[in-house]
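Undergrad: Please see the structure below; I have some questions.
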Amino acid sequence: MSFAALRASARRATASAARAPRVAVRNAAIRRYATESTPGPKSNAALLGALGAAALAGGALWVYTSNSDTAKEAGTAVKSGAQAAKVAANYVPTKEDYQKVYNRVAEILDQAADKGYDDGSYGPVLVRLAWHASGTYDKETNTGGSNYATMRFEPEAKHGANNGLNVARDLLEPIKQEFPWISYGDLWTLAGVAAIQELGGPKVPWRPGRIDGFAAQCTPDGRLPDAAQGADHVRNIFYRMGFNDQEIVALVGAHALGRCHRDRSGFDGPWTFSPTSVTNEFYKLLLNEKWVWKKWDGPKQLEDKKTHSLMMLPTDYVLIQDKSFKKWVKAYAEDEQLWFKDFAAAVSTLFELGVPTQQFVSSEPWILKGSDEQ
């Protein structure tokens, strides 16, 4: 069993016991990888070579080392052609290939401890990346969502709600280079799934099929939640994506993970005492703690009266002020397995928003193995 598997197993045991504050324990030994480096499916090199030759024959030459939006769009054009060729040839990577990508993500999560990043795990920021890449969907115009990975481009990367997500995108770039056949949309959402599962959360159904898009497909600013707003805003944002009140409350439970940063959102602090474990503590704390407005020079947020070490956003607090929302907060606070079931279903739907059904390589989503199952 790999070190990543041991860490995940220990984390799950800790989370399922007393749900006590998580104490990060890192193995000081050299990390070993569960899988050997692979360029992808056997026919991938030949396919990409043929596509590259075709591109050159057409008089097109792209420089992939540039970070400009123009270069990214040029690269996208080639990759979109590769996707079309793969579909035409009935060629797709296998489930096992995507499992290898999942494994790579699992291996890098705890490297945050070596870097002194946050609470010792990159998991929360990877979940946020997958969430924000998907949560721009508008069901009326059928725009946004995870299909085109448009946060790669400046218009969307610089939206206020995406501050700090360059950390997650940069973290995943070496994995993208190792597995060049995977699209950014698939990589980002798969990383979110891996983070949820590896941090003790439920199995999240997932399947590949997203393609890379262009800067012109970036969504307008304002489609993601504004944490300073109230219940009407929350509903407007989530109803636009097609979610109902129960699914809204289930999805917001992802705030069990991570923390806010003063230099990103303006808000500051963790929601729970165990910000690197997926549990229903968010609901328990929201319901049972006494929350007061924090006295500081930052934006309006709440803190727990007892320790002053936890925070809740105004958009979190409305979940216990609104009757329709509150009944689900109570249900999930009382039954973690119920929340796991509903959260897995809702987040799986979220990660597929904006992706045409015909692009998916499987009619049904997959369940990928956690590092403690291999």
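Residue names in the structure tokens use chain letters A, B, ... in the order shown, residue numbers from 1 in each chain, and ligand numbers from 1 in the order shown.
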List as a PyMOL selection string the protein and nucleic acid residues near segment 233-240 of chain A, meaning an atom at most 8 Å away when only C-alpha atoms are counted, but skip any in the same chain fewer than 4 places from it.

TA: chain A and resi 137-140+223-226+229+244-245+248+315

Undergrad: Name all residues at most 8 Å from Asn280 of chain A (count only C-alpha atoms; drop same-chain ones fewer than 4 positions away) and give them as number ranges by chain.

TA: A: 253, 256, 284, 332-333, 336, 339

Undergrad: Please identify all polymer residues within 10 Å of Ala228 of chain A, counting only C-alpha atoms, omitting same-chain residues fewer than 3 positions from it, and present them as a PyMOL selection string.

TA: chain A and resi 225+233+267+299-301+313-316

Undergrad: In terms of the shortest atom-to-atom distance over only C-alpha atoms, which of A:Val347, A:Val101, A:Ala195, A:Val249 is closest to Pro180 of chain A?

TA: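 Checking each of A:Val347, A:Val101, A:Ala195, A:Val249 against Pro180 of chain A, counting only C-alpha atoms, the winner is A:Val101.
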
Undergrad: Compile the contact shell of Trp291 of chain A as a list in words: residues with an atom at most 9 Å away, counting only C-alpha atoms, same-chain residues fewer than 4 positions apart removed.

TA: Leu286, Leu302, Glu303, Asp304, Lys305, Lys306, Met311, Met312 and Tyr317 of chain A

Undergrad: Quick one: residues within 10 Å of Ile175 of chain A, only C-alpha atoms, excluding same-chain residues fewer than 5 positions away - as a PyMOL selection string?

TA: chain A and resi 101-102+104-105+108+170+180+182+187

Undergrad: Atom CA of Leu257 of chain A and atom CA of Ser274 of chain A are how many Å apart?

TA: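 Taking atom CA of Leu257 of chain A as the start and atom CA of Ser274 of chain A as the end point, the length is 7.6 Å.
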
Undergrad: Considering only C-alpha atoms, return as a ChimeraX atom specification whatever protein or nucleic-acid residues lie within 8 Å of Val361 of chain A, sequence-local ones (same chain, fewer than 4 positions apart) excluded.

TA: /A:92,207-209

Undergrad: Per DSSP on the backbone, what are the alpha helix (DSSP H) residues of segment 303-341 of chain A, as a list in words?

TA: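 Written out, the alpha helix (DSSP H) residues of segment 303-341 of chain A are Pro314, Thr315, Asp316, Tyr317, Val318, Leu319, Ile320, Gln321, Lys323, Ser324, Phe325, Lys326, Lys327, Trp328, Val329, Lys330, Ala331, Tyr332, Ala333, Glu334, Glu336, Gln337, Leu338, Trp339, Phe340 and Lys341 of chain A.
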
Undergrad: Per residue of segment 172-280 of chain A within 10 Å of segment 362-368 of chain A, note the shortest atom pair and the distance in Å to one decimal, counting only C-alpha atoms, and order the rows by chain and increasing residue number, as JSON lines.

TA:
{"residue": "A:Leu190", "atom": "CA", "partner": "A:Leu368", "partner_atom": "CA", "distance": 9.5}
{"residue": "A:Val193", "atom": "CA", "partner": "A:Leu368", "partner_atom": "CA", "distance": 8.8}
{"residue": "A:Ala194", "atom": "CA", "partner": "A:Leu368", "partner_atom": "CA", "distance": 8.4}
{"residue": "A:Gln197", "atom": "CA", "partner": "A:Leu368", "partner_atom": "CA", "distance": 9.2}
{"residue": "A:Lys203", "atom": "CA", "partner": "A:Ile367", "partner_atom": "CA", "distance": 6.6}
{"residue": "A:Val204", "atom": "CA", "partner": "A:Ile367", "partner_atom": "CA", "distance": 6.6}
{"residue": "A:Pro205", "atom": "CA", "partner": "A:Ile367", "partner_atom": "CA", "distance": 5.2}
{"residue": "A:Trp206", "atom": "CA", "partner": "A:Pro365", "partner_atom": "CA", "distance": 4.8}
{"residue": "A:Arg207", "atom": "CA", "partner": "A:Pro365", "partner_atom": "CA", "distance": 4.8}
{"residue": "A:Pro208", "atom": "CA", "partner": "A:Ser362", "partner_atom": "CA", "distance": 7.7}
{"residue": "A:Gly209", "atom": "CA", "partner": "A:Ser362", "partner_atom": "CA", "distance": 8.5}

Undergrad: Do you know which residues are at most 10 Å from Phe325 of chain A counting only C-alpha atoms, after dropping those on the same chain fewer than 5 positions away, and could you put them as JSON, numbers by chain?

TA: {"A": [231, 245, 246, 247, 248, 249, 250, 318, 319, 320, 330]}

Undergrad: I'd like to know which of A:Glu178, A:Glu198, A:Asp186, A:Asp97 is closest to Leu129 of chain A, using only C-alpha atoms.

TA: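 Nearest candidate to Leu129 of chain A out of A:Glu178, A:Glu198, A:Asp186, A:Asp97: A:Asp186.
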
Undergrad: Which of these, A:Leu310, A:Cys218, A:Leu338, A:Ala254, has the shortest distance to Thr143 of chain A once you count only C-alpha atoms?

TA: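 Nearest to Thr143 of chain A: A:Cys218.
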
Undergrad: Which residue, A:His132, A:His261, A:Lys176, A:Lys326, has the smallest gap to Glu156 of chain A when you use only C-alpha atoms?

TA: A:His132
